Amino acid sequence: MFHDDLLTAFHASLAAGIVILDIYASADFGIETKPDKSPLTLADRAAHVRISEHLAATGHPMLSEEGRDIPYAERGAWPVFWLVDPLDGTKEFIKRNGEFTVNIALIENGRPVLGVVYAPVLDTLYFASRGEGAFRLEKASTHDLRGLDVAVAAAVALPCTKPEAGAYTIVGSRSHQTPEFAAFVASREKKHERVTVRPIGSSLKICLVAEGAADVYPRLGPTMEWDTAAGHAVAACAGCVVVRVDTGEPLTYNKADLLNPFFIVERR
């Protein structure tokens, strides 16, 4: 059902990765500070433009972190739309640690039905769509992705990693630790023989749970909808749950307030 849209999202993410890496290799990131005190770079802006150019052909409207502020009165009427973070993990980009991603999700009636997460430095592409499953494609930029069947044949289905016996791995933010996260880790240490905390940036945290390399990702700090939607799609299609801490219900999207509640990504 979403084959054409997924293929378009592939190409949009890879095109964004090219411009991001060009700026990543430069001496000047053009760093600014947004009103919420978060950083903004030339790469965020350039990736937004490139993604917009590709997704426009689908006819679906787009809500992007770096796009215009679209009133809820307008976007609330969208049954289907693109939700995009052109550069997730800007702080990691500035630190040059490679832990940043391009996030593109398709939202239908408040739920992510398709997601692409591309890590340009790793050249790893995670992709998923409802009814088709979730996949990880290594050396993504070297593949001729003219058809979804080509991408699926070259990729590995998720989950693809079995956890080490007796080990329990928690992934957390490299740049946003909270007392609530520390309390969560302490609670799991009481239940499991050997708990490891693995810090990493951007949507890679969600993808690590989706592929089976980690058991859980508790996000007990603020995030926005564009931070999580693409990874949510990948995790859900890989058999994980992505639920609110307060109610246990799945995260939903296109709310009047785009701030996410605290949530947990966990393997079933």
# chains A, B, ... in the order shown; residues from 1 in each chain; ligands from 1
call {"tool": "residues_around", "arguments": {"residues": "Arg130 of chain A", "least_positions_apart": "5", "cutoff": "10 Å", "atoms": "only C-alpha atoms", "output": "MDAnalysis selection string"}}
result
chainID A and resid 1:2 112:115 233:234 236:237
call {"tool": "write_last_selection", "arguments": {"atoms": "C-alpha atoms", "output": "PDB file, in the first residue's frame"}}
result
ATOM      1  CA  MET A   1       0.000   0.000   0.000  1.00  0.00           C
ATOM      2  CA  PHE A   2       2.839   2.371   0.840  1.00  0.00           C
ATOM      3  CA  PRO A 112       3.002   6.165  12.007  1.00  0.00           C
ATOM      4  CA  VAL A 113       2.460   3.710   9.155  1.00  0.00           C
ATOM      5  CA  LEU A 114       5.822   4.141   7.442  1.00  0.00           C
ATOM      6  CA  GLY A 115       9.235   5.188   8.691  1.00  0.00           C
ATOM      7  CA  ALA A 233       7.282   3.028  12.821  1.00  0.00           C
ATOM      8  CA  VAL A 234      10.471   0.944  12.607  1.00  0.00           C
ATOM      9  CA  ALA A 236       6.424  -1.170  15.877  1.00  0.00           C
ATOM     10  CA  CYS A 237       6.941  -3.062  12.610  1.00  0.00           C
TER      11      CYS A 237
END
call {"tool": "select_by_dssp", "arguments": {"residues": "segment 136-182 of chain A", "states": "alpha helix (DSSP H)", "output": "list in words"}}
result
Leu148, Asp149, Val150, Ala151, Val152, Ala153, Ala154, Pro179, Glu180, Phe181 and Ala182 of chain A
call {"tool": "residues_around", "arguments": {"residues": "Glu164 of chain A", "least_positions_apart": "4", "cutoff": "12 Å", "atoms": "only C-alpha atoms", "output": "number ranges by chain"}}
result
A: 168-169, 193-196, 212-215
call {"tool": "residues_around", "arguments": {"residues": "His3 of chain A", "least_positions_apart": "4", "cutoff": "9 Å", "atoms": "only C-alpha atoms", "output": "number ranges by chain"}}
result
A: 7-8, 129, 147-148
call {"tool": "atom_distance", "arguments": {"atom1": "atom CA of Ser203 of chain A", "atom2": "atom CA of Ile264 of chain A"}}
result
13.2 Å
call {"tool": "closest_atom_pairs", "arguments": {"of": "segment 9-114 of chain A", "to": "segment 139-145 of chain A", "cutoff": "8 Å", "atoms": "only C-alpha atoms", "output": "Markdown table"}}
result
| residue | atom | partner | partner_atom | distance |
| --- | --- | --- | --- | --- |
| A:Phe10 | CA | A:Leu145 | CA | 7.9 |
| A:His11 | CA | A:Leu145 | CA | 8.0 |
| A:Leu14 | CA | A:Ser141 | CA | 6.7 |
call {"tool": "write_last_selection", "arguments": {"atoms": "C-alpha atoms", "output": "compact mmCIF listing (two decimals), in the first residue's frame"}}
result
# COMPACT_ATOMS: atom_id res chain seq x y z
CA PHE A 10 14.33 6.33 0.82
CA HIS A 11 15.53 8.73 -1.83
CA LEU A 14 19.70 9.62 1.07
call {"tool": "select_by_dssp", "arguments": {"residues": "segment 69-255 of chain A", "states": "strand (DSSP E)", "output": "PDB file with N, CA and C atoms, in the first residue's frame"}}
result
ATOM      1  N   VAL A  80      -3.542  12.145   6.301  1.00  0.00           N
ATOM      2  CA  VAL A  80      -2.231  11.553   6.005  1.00  0.00           C
ATOM      3  C   VAL A  80      -1.238  12.684   5.766  1.00  0.00           C
ATOM      4  N   PHE A  81      -0.055  12.586   6.377  1.00  0.00           N
ATOM      5  CA  PHE A  81       0.967  13.615   6.154  1.00  0.00           C
ATOM      6  C   PHE A  81       2.343  13.075   6.510  1.00  0.00           C
ATOM      7  N   TRP A  82       3.359  13.746   5.986  1.00  0.00           N
ATOM      8  CA  TRP A  82       4.745  13.445   6.320  1.00  0.00           C
ATOM      9  C   TRP A  82       5.139  14.197   7.583  1.00  0.00           C
ATOM     10  N   LEU A  83       5.830  13.497   8.490  1.00  0.00           N
ATOM     11  CA  LEU A  83       6.365  14.107   9.707  1.00  0.00           C
ATOM     12  C   LEU A  83       7.879  13.899   9.680  1.00  0.00           C
ATOM     13  N   VAL A  84       8.628  14.997   9.661  1.00  0.00           N
ATOM     14  CA  VAL A  84      10.047  14.937   9.311  1.00  0.00           C
ATOM     15  C   VAL A  84      10.925  15.675  10.324  1.00  0.00           C
ATOM     16  N   ASP A  85      12.023  15.039  10.687  1.00  0.00           N
ATOM     17  CA  ASP A  85      13.122  15.719  11.360  1.00  0.00           C
ATOM     18  C   ASP A  85      14.323  15.612  10.434  1.00  0.00           C
ATOM     19  N   PRO A  86      14.660  16.703   9.743  1.00  0.00           N
ATOM     20  CA  PRO A  86      15.733  16.627   8.741  1.00  0.00           C
ATOM     21  C   PRO A  86      17.092  16.246   9.308  1.00  0.00           C
ATOM     22  N   LEU A  87      17.335  16.607  10.571  1.00  0.00           N
ATOM     23  CA  LEU A  87      18.593  16.240  11.229  1.00  0.00           C
ATOM     24  C   LEU A  87      18.305  16.034  12.713  1.00  0.00           C
ATOM     25  N   ASP A  88      18.089  14.789  13.079  1.00  0.00           N
ATOM     26  CA  ASP A  88      17.820  14.438  14.470  1.00  0.00           C
ATOM     27  C   ASP A  88      19.152  14.161  15.154  1.00  0.00           C
ATOM     28  N   THR A 101      20.701  11.351  12.674  1.00  0.00           N
ATOM     29  CA  THR A 101      19.904  10.663  11.666  1.00  0.00           C
ATOM     30  C   THR A 101      18.997  11.635  10.917  1.00  0.00           C
ATOM     31  N   VAL A 102      18.505  11.145   9.795  1.00  0.00           N
ATOM     32  CA  VAL A 102      17.418  11.780   9.055  1.00  0.00           C
ATOM     33  C   VAL A 102      16.169  10.957   9.334  1.00  0.00           C
ATOM     34  N   ASN A 103      15.108  11.594   9.813  1.00  0.00           N
ATOM     35  CA  ASN A 103      13.887  10.876  10.192  1.00  0.00           C
ATOM     36  C   ASN A 103      12.723  11.306   9.305  1.00  0.00           C
ATOM     37  N   ILE A 104      12.112  10.353   8.624  1.00  0.00           N
ATOM     38  CA  ILE A 104      10.954  10.632   7.771  1.00  0.00           C
ATOM     39  C   ILE A 104       9.873   9.597   8.074  1.00  0.00           C
ATOM     40  N   ALA A 105       8.699  10.062   8.478  1.00  0.00           N
ATOM     41  CA  ALA A 105       7.586   9.162   8.783  1.00  0.00           C
ATOM     42  C   ALA A 105       6.342   9.606   8.030  1.00  0.00           C
ATOM     43  N   LEU A 106       5.502   8.648   7.709  1.00  0.00           N
ATOM     44  CA  LEU A 106       4.188   8.943   7.153  1.00  0.00           C
ATOM     45  C   LEU A 106       3.162   8.639   8.241  1.00  0.00           C
ATOM     46  N   ILE A 107       2.348   9.622   8.562  1.00  0.00           N
ATOM     47  CA  ILE A 107       1.348   9.491   9.621  1.00  0.00           C
ATOM     48  C   ILE A 107      -0.037   9.371   9.004  1.00  0.00           C
ATOM     49  N   GLU A 108      -0.785   8.371   9.444  1.00  0.00           N
ATOM     50  CA  GLU A 108      -2.159   8.191   8.983  1.00  0.00           C
ATOM     51  C   GLU A 108      -3.070   8.124  10.199  1.00  0.00           C
ATOM     52  N   ARG A 111      -1.273   7.781  13.560  1.00  0.00           N
ATOM     53  CA  ARG A 111      -0.350   6.661  13.793  1.00  0.00           C
ATOM     54  C   ARG A 111       0.711   6.615  12.693  1.00  0.00           C
ATOM     55  N   PRO A 112       1.959   6.299  13.039  1.00  0.00           N
ATOM     56  CA  PRO A 112       3.002   6.165  12.007  1.00  0.00           C
ATOM     57  C   PRO A 112       2.828   4.846  11.261  1.00  0.00           C
ATOM     58  N   VAL A 113       2.670   4.919   9.952  1.00  0.00           N
ATOM     59  CA  VAL A 113       2.460   3.710   9.155  1.00  0.00           C
ATOM     60  C   VAL A 113       3.669   3.400   8.287  1.00  0.00           C
ATOM     61  N   LEU A 114       4.615   4.302   8.252  1.00  0.00           N
ATOM     62  CA  LEU A 114       5.822   4.141   7.442  1.00  0.00           C
ATOM     63  C   LEU A 114       6.922   4.963   8.084  1.00  0.00           C
ATOM     64  N   GLY A 115       8.134   4.441   8.107  1.00  0.00           N
ATOM     65  CA  GLY A 115       9.235   5.188   8.691  1.00  0.00           C
ATOM     66  C   GLY A 115      10.566   4.871   8.051  1.00  0.00           C
ATOM     67  N   VAL A 116      11.379   5.906   7.881  1.00  0.00           N
ATOM     68  CA  VAL A 116      12.741   5.768   7.390  1.00  0.00           C
ATOM     69  C   VAL A 116      13.657   6.527   8.335  1.00  0.00           C
ATOM     70  N   VAL A 117      14.678   5.861   8.832  1.00  0.00           N
ATOM     71  CA  VAL A 117      15.703   6.480   9.671  1.00  0.00           C
ATOM     72  C   VAL A 117      17.040   6.215   9.008  1.00  0.00           C
ATOM     73  N   TYR A 118      17.718   7.276   8.583  1.00  0.00           N
ATOM     74  CA  TYR A 118      18.999   7.121   7.891  1.00  0.00           C
ATOM     75  C   TYR A 118      20.103   7.793   8.689  1.00  0.00           C
ATOM     76  N   ALA A 119      21.158   7.033   8.961  1.00  0.00           N
ATOM     77  CA  ALA A 119      22.336   7.552   9.662  1.00  0.00           C
ATOM     78  C   ALA A 119      23.434   7.776   8.625  1.00  0.00           C
ATOM     79  N   THR A 124      23.752   3.699   7.196  1.00  0.00           N
ATOM     80  CA  THR A 124      22.803   2.654   7.552  1.00  0.00           C
ATOM     81  C   THR A 124      21.392   3.210   7.455  1.00  0.00           C
ATOM     82  N   LEU A 125      20.523   2.479   6.789  1.00  0.00           N
ATOM     83  CA  LEU A 125      19.141   2.897   6.577  1.00  0.00           C
ATOM     84  C   LEU A 125      18.205   1.889   7.231  1.00  0.00           C
ATOM     85  N   TYR A 126      17.414   2.362   8.175  1.00  0.00           N
ATOM     86  CA  TYR A 126      16.346   1.548   8.747  1.00  0.00           C
ATOM     87  C   TYR A 126      15.047   1.962   8.065  1.00  0.00           C
ATOM     88  N   PHE A 127      14.228   0.987   7.690  1.00  0.00           N
ATOM     89  CA  PHE A 127      12.973   1.343   7.048  1.00  0.00           C
ATOM     90  C   PHE A 127      11.893   0.327   7.404  1.00  0.00           C
ATOM     91  N   ALA A 128      10.652   0.788   7.377  1.00  0.00           N
ATOM     92  CA  ALA A 128       9.536  -0.077   7.759  1.00  0.00           C
ATOM     93  C   ALA A 128       8.246   0.506   7.209  1.00  0.00           C
ATOM     94  N   SER A 129       7.288  -0.372   6.969  1.00  0.00           N
ATOM     95  CA  SER A 129       5.935   0.082   6.663  1.00  0.00           C
ATOM     96  C   SER A 129       4.950  -0.959   7.175  1.00  0.00           C
ATOM     97  N   GLY A 133       6.817  -5.152   7.455  1.00  0.00           N
ATOM     98  CA  GLY A 133       7.906  -5.444   8.366  1.00  0.00           C
ATOM     99  C   GLY A 133       8.921  -4.325   8.441  1.00  0.00           C
ATOM    100  N   ALA A 134      10.007  -4.575   9.176  1.00  0.00           N
ATOM    101  CA  ALA A 134      11.061  -3.587   9.391  1.00  0.00           C
ATOM    102  C   ALA A 134      12.398  -4.184   8.967  1.00  0.00           C
ATOM    103  N   PHE A 135      13.297  -3.306   8.472  1.00  0.00           N
ATOM    104  CA  PHE A 135      14.544  -3.774   7.882  1.00  0.00           C
ATOM    105  C   PHE A 135      15.693  -2.814   8.177  1.00  0.00           C
ATOM    106  N   ARG A 136      16.913  -3.346   8.090  1.00  0.00           N
ATOM    107  CA  ARG A 136      18.127  -2.528   8.198  1.00  0.00           C
ATOM    108  C   ARG A 136      18.987  -2.786   6.968  1.00  0.00           C
ATOM    109  N   LEU A 137      19.377  -1.699   6.303  1.00  0.00           N
ATOM    110  CA  LEU A 137      20.174  -1.793   5.090  1.00  0.00           C
ATOM    111  C   LEU A 137      21.520  -1.118   5.320  1.00  0.00           C
ATOM    112  N   VAL A 156      18.441  -6.722   5.975  1.00  0.00           N
ATOM    113  CA  VAL A 156      18.121  -7.792   6.928  1.00  0.00           C
ATOM    114  C   VAL A 156      16.860  -7.407   7.676  1.00  0.00           C
ATOM    115  N   ALA A 157      15.995  -8.386   7.914  1.00  0.00           N
ATOM    116  CA  ALA A 157      14.750  -8.132   8.621  1.00  0.00           C
ATOM    117  C   ALA A 157      15.023  -7.945  10.102  1.00  0.00           C
ATOM    118  N   ALA A 167      22.142 -10.820  29.937  1.00  0.00           N
ATOM    119  CA  ALA A 167      22.390  -9.378  29.820  1.00  0.00           C
ATOM    120  C   ALA A 167      21.083  -8.638  29.553  1.00  0.00           C
ATOM    121  N   TYR A 168      20.998  -7.439  30.085  1.00  0.00           N
ATOM    122  CA  TYR A 168      19.836  -6.579  29.859  1.00  0.00           C
ATOM    123  C   TYR A 168      20.376  -5.191  29.523  1.00  0.00           C
ATOM    124  N   THR A 169      20.079  -4.737  28.312  1.00  0.00           N
ATOM    125  CA  THR A 169      20.662  -3.488  27.829  1.00  0.00           C
ATOM    126  C   THR A 169      19.617  -2.400  27.734  1.00  0.00           C
ATOM    127  N   ILE A 170      19.930  -1.277  28.358  1.00  0.00           N
ATOM    128  CA  ILE A 170      19.086  -0.087  28.317  1.00  0.00           C
ATOM    129  C   ILE A 170      19.805   0.974  27.497  1.00  0.00           C
ATOM    130  N   VAL A 171      19.125   1.536  26.513  1.00  0.00           N
ATOM    131  CA  VAL A 171      19.718   2.638  25.765  1.00  0.00           C
ATOM    132  C   VAL A 171      19.153   3.952  26.284  1.00  0.00           C
ATOM    133  N   GLY A 172      20.006   4.972  26.292  1.00  0.00           N
ATOM    134  CA  GLY A 172      19.589   6.278  26.773  1.00  0.00           C
ATOM    135  C   GLY A 172      20.260   7.371  25.974  1.00  0.00           C
ATOM    136  N   SER A 173      19.771   8.563  26.162  1.00  0.00           N
ATOM    137  CA  SER A 173      20.293   9.715  25.434  1.00  0.00           C
ATOM    138  C   SER A 173      21.727  10.020  25.845  1.00  0.00           C
ATOM    139  N   ARG A 194      22.409  -8.661  35.021  1.00  0.00           N
ATOM    140  CA  ARG A 194      23.482  -7.806  34.532  1.00  0.00           C
ATOM    141  C   ARG A 194      22.894  -6.740  33.612  1.00  0.00           C
ATOM    142  N   VAL A 195      22.864  -5.513  34.103  1.00  0.00           N
ATOM    143  CA  VAL A 195      22.273  -4.401  33.351  1.00  0.00           C
ATOM    144  C   VAL A 195      23.379  -3.512  32.778  1.00  0.00           C
ATOM    145  N   THR A 196      23.287  -3.224  31.502  1.00  0.00           N
ATOM    146  CA  THR A 196      24.222  -2.338  30.826  1.00  0.00           C
ATOM    147  C   THR A 196      23.465  -1.140  30.275  1.00  0.00           C
ATOM    148  N   VAL A 197      24.019   0.047  30.474  1.00  0.00           N
ATOM    149  CA  VAL A 197      23.426   1.260  29.910  1.00  0.00           C
ATOM    150  C   VAL A 197      24.291   1.700  28.739  1.00  0.00           C
ATOM    151  N   ARG A 198      23.659   1.856  27.602  1.00  0.00           N
ATOM    152  CA  ARG A 198      24.379   2.253  26.390  1.00  0.00           C
ATOM    153  C   ARG A 198      23.880   3.622  25.915  1.00  0.00           C
ATOM    154  N   PRO A 199      24.679   4.668  26.079  1.00  0.00           N
ATOM    155  CA  PRO A 199      24.252   5.985  25.605  1.00  0.00           C
ATOM    156  C   PRO A 199      24.512   6.141  24.111  1.00  0.00           C
ATOM    157  N   ILE A 200      23.562   6.721  23.416  1.00  0.00           N
ATOM    158  CA  ILE A 200      23.718   6.968  21.980  1.00  0.00           C
ATOM    159  C   ILE A 200      22.757   8.077  21.572  1.00  0.00           C
ATOM    160  N   VAL A 216      15.452  -2.131  25.944  1.00  0.00           N
ATOM    161  CA  VAL A 216      14.480  -1.088  26.260  1.00  0.00           C
ATOM    162  C   VAL A 216      15.106   0.293  26.102  1.00  0.00           C
ATOM    163  N   TYR A 217      14.281   1.237  25.701  1.00  0.00           N
ATOM    164  CA  TYR A 217      14.670   2.647  25.658  1.00  0.00           C
ATOM    165  C   TYR A 217      13.595   3.450  26.382  1.00  0.00           C
ATOM    166  N   PRO A 218      13.877   3.882  27.615  1.00  0.00           N
ATOM    167  CA  PRO A 218      12.926   4.728  28.330  1.00  0.00           C
ATOM    168  C   PRO A 218      13.232   6.200  28.037  1.00  0.00           C
ATOM    169  N   ARG A 219      12.303   6.912  27.471  1.00  0.00           N
ATOM    170  CA  ARG A 219      12.517   8.344  27.234  1.00  0.00           C
ATOM    171  C   ARG A 219      11.741   9.107  28.294  1.00  0.00           C
ATOM    172  N   CYS A 240       8.059  -4.337  18.457  1.00  0.00           N
ATOM    173  CA  CYS A 240       8.230  -3.644  19.734  1.00  0.00           C
ATOM    174  C   CYS A 240       6.981  -2.835  20.082  1.00  0.00           C
ATOM    175  N   VAL A 241       6.887  -2.453  21.335  1.00  0.00           N
ATOM    176  CA  VAL A 241       5.840  -1.534  21.757  1.00  0.00           C
ATOM    177  C   VAL A 241       6.468  -0.169  22.005  1.00  0.00           C
ATOM    178  N   VAL A 242       5.723   0.869  21.663  1.00  0.00           N
ATOM    179  CA  VAL A 242       6.131   2.254  21.917  1.00  0.00           C
ATOM    180  C   VAL A 242       4.970   2.903  22.627  1.00  0.00           C
ATOM    181  N   VAL A 243       5.059   2.992  23.953  1.00  0.00           N
ATOM    182  CA  VAL A 243       3.890   3.380  24.748  1.00  0.00           C
ATOM    183  C   VAL A 243       4.200   4.512  25.718  1.00  0.00           C
ATOM    184  N   ARG A 244       3.164   5.250  26.036  1.00  0.00           N
ATOM    185  CA  ARG A 244       3.256   6.317  27.028  1.00  0.00           C
ATOM    186  C   ARG A 244       3.505   5.723  28.411  1.00  0.00           C
TER     187      ARG A 244
END
call {"tool": "atom_distance", "arguments": {"atom1": "atom CA of Gly67 of chain A", "atom2": "atom CA of Lys255 of chain A"}}
result
16.9 Å
call {"tool": "atom_distance", "arguments": {"atom1": "atom CA of Thr161 of chain A", "atom2": "atom CA of Glu211 of chain A"}}
result
6.0 Å
call {"tool": "decode", "arguments": {"residues": "segment 76-94 of chain A", "atoms": "N, CA and C atoms", "output": "mmCIF file, in the first residue's frame"}}
result
data_model
loop_
_atom_site.group_PDB
_atom_site.id
_atom_site.type_symbol
_atom_site.label_atom_id
_atom_site.label_comp_id
_atom_site.auth_asym_id
_atom_site.auth_seq_id
_atom_site.Cartn_x
_atom_site.Cartn_y
_atom_site.Cartn_z
ATOM 1 N N GLY A 76 -4.570 19.711 11.715
ATOM 2 C CA GLY A 76 -5.455 18.762 12.389
ATOM 3 C C GLY A 76 -6.442 18.094 11.447
ATOM 4 N N ALA A 77 -6.632 18.676 10.287
ATOM 5 C CA ALA A 77 -7.547 18.115 9.298
ATOM 6 C C ALA A 77 -6.849 17.175 8.328
ATOM 7 N N TRP A 78 -5.518 17.004 8.482
ATOM 8 C CA TRP A 78 -4.778 16.131 7.572
ATOM 9 C C TRP A 78 -4.976 14.662 7.968
ATOM 10 N N PRO A 79 -5.569 13.817 7.138
ATOM 11 C CA PRO A 79 -5.663 12.386 7.469
ATOM 12 C C PRO A 79 -4.332 11.671 7.281
ATOM 13 N N VAL A 80 -3.542 12.145 6.301
ATOM 14 C CA VAL A 80 -2.231 11.553 6.005
ATOM 15 C C VAL A 80 -1.238 12.684 5.766
ATOM 16 N N PHE A 81 -0.055 12.586 6.377
ATOM 17 C CA PHE A 81 0.967 13.615 6.154
ATOM 18 C C PHE A 81 2.343 13.075 6.510
ATOM 19 N N TRP A 82 3.359 13.746 5.986
ATOM 20 C CA TRP A 82 4.745 13.445 6.320
ATOM 21 C C TRP A 82 5.139 14.197 7.583
ATOM 22 N N LEU A 83 5.830 13.497 8.490
ATOM 23 C CA LEU A 83 6.365 14.107 9.707
ATOM 24 C C LEU A 83 7.879 13.899 9.680
ATOM 25 N N VAL A 84 8.628 14.997 9.661
ATOM 26 C CA VAL A 84 10.047 14.937 9.311
ATOM 27 C C VAL A 84 10.925 15.675 10.324
ATOM 28 N N ASP A 85 12.023 15.039 10.687
ATOM 29 C CA ASP A 85 13.122 15.719 11.360
ATOM 30 C C ASP A 85 14.323 15.612 10.434
ATOM 31 N N PRO A 86 14.660 16.703 9.743
ATOM 32 C CA PRO A 86 15.733 16.627 8.741
ATOM 33 C C PRO A 86 17.092 16.246 9.308
ATOM 34 N N LEU A 87 17.335 16.607 10.571
ATOM 35 C CA LEU A 87 18.593 16.240 11.229
ATOM 36 C C LEU A 87 18.305 16.034 12.713
ATOM 37 N N ASP A 88 18.089 14.789 13.079
ATOM 38 C CA ASP A 88 17.820 14.438 14.470
ATOM 39 C C ASP A 88 19.152 14.161 15.154
ATOM 40 N N GLY A 89 19.418 14.903 16.225
ATOM 41 C CA GLY A 89 20.696 14.758 16.909
ATOM 42 C C GLY A 89 21.667 15.850 16.497
ATOM 43 N N THR A 90 21.161 17.074 16.408
ATOM 44 C CA THR A 90 22.019 18.187 15.988
ATOM 45 C C THR A 90 23.202 18.359 16.938
ATOM 46 N N LYS A 91 22.986 18.123 18.228
ATOM 47 C CA LYS A 91 24.096 18.241 19.185
ATOM 48 C C LYS A 91 25.188 17.220 18.874
ATOM 49 N N GLU A 92 24.773 16.020 18.457
ATOM 50 C CA GLU A 92 25.763 14.994 18.110
ATOM 51 C C GLU A 92 26.471 15.354 16.802
ATOM 52 N N PHE A 93 25.742 15.979 15.889
ATOM 53 C CA PHE A 93 26.345 16.471 14.644
ATOM 54 C C PHE A 93 27.438 17.480 14.959
ATOM 55 N N ILE A 94 27.134 18.422 15.854
ATOM 56 C CA ILE A 94 28.102 19.451 16.222
ATOM 57 C C ILE A 94 29.318 18.836 16.916
#
